[in-house]
Each structure stands twice: as structure tokens, then as C-alpha cells.
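Next comes my_file_15.cif, with mmCIF, C-alpha atoms, pLDDT in the B column; chains and numbers go by the auth columns.
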```
data_target
loop_
_atom_site.group_PDB
_atom_site.id
_atom_site.type_symbol
_atom_site.label_atom_id
_atom_site.label_comp_id
_atom_site.label_asym_id
_atom_site.label_seq_id
_atom_site.Cartn_x
_atom_site.Cartn_y
_atom_site.Cartn_z
_atom_site.B_iso_or_equiv
_atom_site.auth_seq_id
_atom_site.auth_asym_id
ATOM 1 C CA MET A 1 205.347 76.080 -104.596 68.00 586 A
ATOM 2 C CA SER A 2 203.550 78.654 -106.698 72.00 587 A
ATOM 3 C CA SER A 3 202.662 80.666 -103.590 79.00 588 A
ATOM 4 C CA LEU A 4 206.371 80.803 -102.678 82.00 589 A
ATOM 5 C CA ILE A 5 207.259 82.129 -106.135 83.00 590 A
ATOM 6 C CA TYR A 6 204.408 84.616 -105.930 79.00 591 A
ATOM 7 C CA ASN A 7 205.612 85.852 -102.514 81.00 592 A
ATOM 8 C CA VAL A 8 209.204 86.256 -103.728 81.00 593 A
ATOM 9 C CA ILE A 9 208.086 88.247 -106.779 81.00 594 A
ATOM 10 C CA LEU A 10 205.894 90.442 -104.598 78.00 595 A
ATOM 11 C CA LEU A 11 208.745 91.022 -102.152 77.00 596 A
ATOM 12 C CA VAL A 12 211.131 92.040 -104.946 74.00 597 A
ATOM 13 C CA PHE A 13 208.539 94.370 -106.455 74.00 598 A
ATOM 14 C CA GLN A 14 207.844 96.045 -103.117 70.00 599 A
ATOM 15 C CA ALA A 15 211.542 96.469 -102.369 65.00 600 A
ATOM 16 C CA THR A 16 212.200 98.216 -105.679 64.00 601 A
ATOM 17 C CA SER A 17 209.132 100.455 -105.759 63.00 602 A
ATOM 18 C CA GLY A 18 208.999 101.377 -102.061 57.00 603 A
ATOM 19 C CA SER A 19 212.202 103.414 -101.978 59.00 604 A
ATOM 20 C CA GLN A 20 210.452 106.775 -102.420 66.00 605 A
ATOM 21 C CA GLY A 21 209.139 107.148 -98.862 69.00 606 A
ATOM 22 C CA PRO A 22 205.880 108.679 -97.692 71.00 607 A
ATOM 23 C CA PRO A 23 204.507 111.879 -99.241 71.00 608 A
ATOM 24 C CA PRO A 24 204.997 115.155 -97.324 77.00 609 A
ATOM 25 C CA PRO A 25 202.140 116.260 -95.048 74.00 610 A
ATOM 26 C CA SER A 26 199.515 118.626 -96.403 73.00 611 A
ATOM 27 C CA GLN A 27 199.875 122.299 -95.463 76.00 612 A
ATOM 28 C CA ASN A 28 196.198 123.265 -95.753 73.00 613 A
ATOM 29 C CA ARG A 29 194.710 121.510 -92.734 67.00 614 A
ATOM 30 C CA ALA A 30 191.374 122.521 -91.267 62.00 615 A
ATOM 31 C CA PRO A 31 191.613 124.136 -87.817 62.00 616 A
ATOM 32 C CA GLY A 32 190.627 121.704 -85.083 60.00 617 A
ATOM 33 C CA LEU A 33 189.144 118.295 -85.449 61.00 618 A
ATOM 34 C CA PRO A 34 186.104 117.735 -87.669 67.00 619 A
ATOM 35 C CA ILE A 35 184.210 116.415 -84.634 69.00 620 A
ATOM 36 C CA ASP A 36 184.497 119.771 -82.812 70.00 621 A
ATOM 37 C CA ASN A 37 181.615 121.451 -84.633 74.00 622 A
ATOM 38 C CA ASP A 38 178.957 118.849 -83.910 79.00 623 A
ATOM 39 C CA LEU A 39 180.017 117.540 -80.528 85.00 624 A
ATOM 40 C CA TRP A 40 176.683 118.482 -78.999 88.00 625 A
ATOM 41 C CA ILE A 41 174.921 116.025 -81.338 90.00 626 A
ATOM 42 C CA LEU A 42 177.063 113.165 -80.031 89.00 627 A
ATOM 43 C CA LEU A 43 176.429 114.189 -76.434 93.00 628 A
ATOM 44 C CA ALA A 44 172.659 114.396 -76.994 95.00 629 A
ATOM 45 C CA ALA A 45 172.647 111.008 -78.733 96.00 630 A
ATOM 46 C CA GLY A 46 174.596 109.477 -75.832 95.00 631 A
ATOM 47 C CA ILE A 47 172.221 110.910 -73.247 97.00 632 A
ATOM 48 C CA LEU A 48 169.157 109.717 -75.167 97.00 633 A
ATOM 49 C CA PHE A 49 170.666 106.259 -75.608 97.00 634 A
ATOM 50 C CA GLY A 50 171.447 106.098 -71.888 95.00 635 A
ATOM 51 C CA ILE A 51 167.872 107.047 -71.014 96.00 636 A
ATOM 52 C CA TYR A 52 166.591 104.353 -73.378 95.00 637 A
ATOM 53 C CA ILE A 53 168.804 101.676 -71.800 94.00 638 A
ATOM 54 C CA ILE A 54 167.784 102.670 -68.258 94.00 639 A
ATOM 55 C CA TYR A 55 164.095 102.686 -69.238 93.00 640 A
ATOM 56 C CA LYS A 56 164.403 99.280 -70.878 92.00 641 A
ATOM 57 C CA ARG A 57 166.117 97.729 -67.829 91.00 642 A
ATOM 58 C CA THR A 58 163.629 99.154 -65.334 90.00 643 A
ATOM 59 C CA ARG A 59 160.730 97.913 -67.454 87.00 644 A
ATOM 60 C CA VAL A 60 162.140 94.368 -67.433 82.00 645 A
ATOM 61 C CA ILE A 61 162.742 94.502 -63.660 82.00 646 A
ATOM 62 C CA ASN A 62 159.211 95.794 -62.967 79.00 647 A
ATOM 63 C CA LYS A 63 157.684 93.179 -65.270 79.00 648 A
ATOM 64 C CA ALA A 64 159.452 90.338 -63.433 67.00 649 A
ATOM 65 C CA ALA A 65 158.281 91.447 -59.979 60.00 650 A
#
```
What would the structure in this file look like if it were written as C-alpha cells?
Amino acid sequence: MSSLIYNVILLVFQATSGSQGPPPPSQNRAPGLPIDNDLWILLAAGILFGIYIIYKRTRVINKAA
């Protein structure tokens, strides 16, 4: 019963305070995405991780044979 009362109070509070709407978007955005500058780091990490996975799988296959 107390959870029902709590939910009703929360619903009333949200209905009265939520009438403002979202804030306007910021005008001073950075050009491009923040990932654009260091994309080469992600590519290098992906290539190195791929090499590691391939090496690990071939080592297990060679060990079993």
C-alpha cells in the first residue's frame, strides 16, 4: 500500500514539475565527432587485437595436432 502512495506522489510531482520541456540545444558545438581525431588509434588497436586472436587460435590448433 505504501508503494502505491509513493508512486502516486511521484507521479503528481513529475506532472507538475515537468511542464518546462527540454533545454534548447547548445550553439557552441565542436566541429565533427570527438572520435574523428584519433580514429587511427582505434584502427591500430583493432588490427593488433585481430592478429592476437588469429595467433592464439593457430597456436591452439597446432598444439592439438
message: Rounded to one decimal, what separation in Å do you get between atom CA of Ala630 of chain A and atom CA of Arg642 of chain A?
response: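 These atoms are spaced 18.4 Å apart.
The space between atom CA of Ser611 of chain A and atom CA of Gln599 of chain A spans 25.0 Å.
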task: Grab the atom CA of Leu596 of chain A to atom CA of Pro608 of chain A distance for me, in Å with one decimal place.
output: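 Pair atom CA of Leu596 of chain A / atom CA of Pro608 of chain A returns 21.5 Å.
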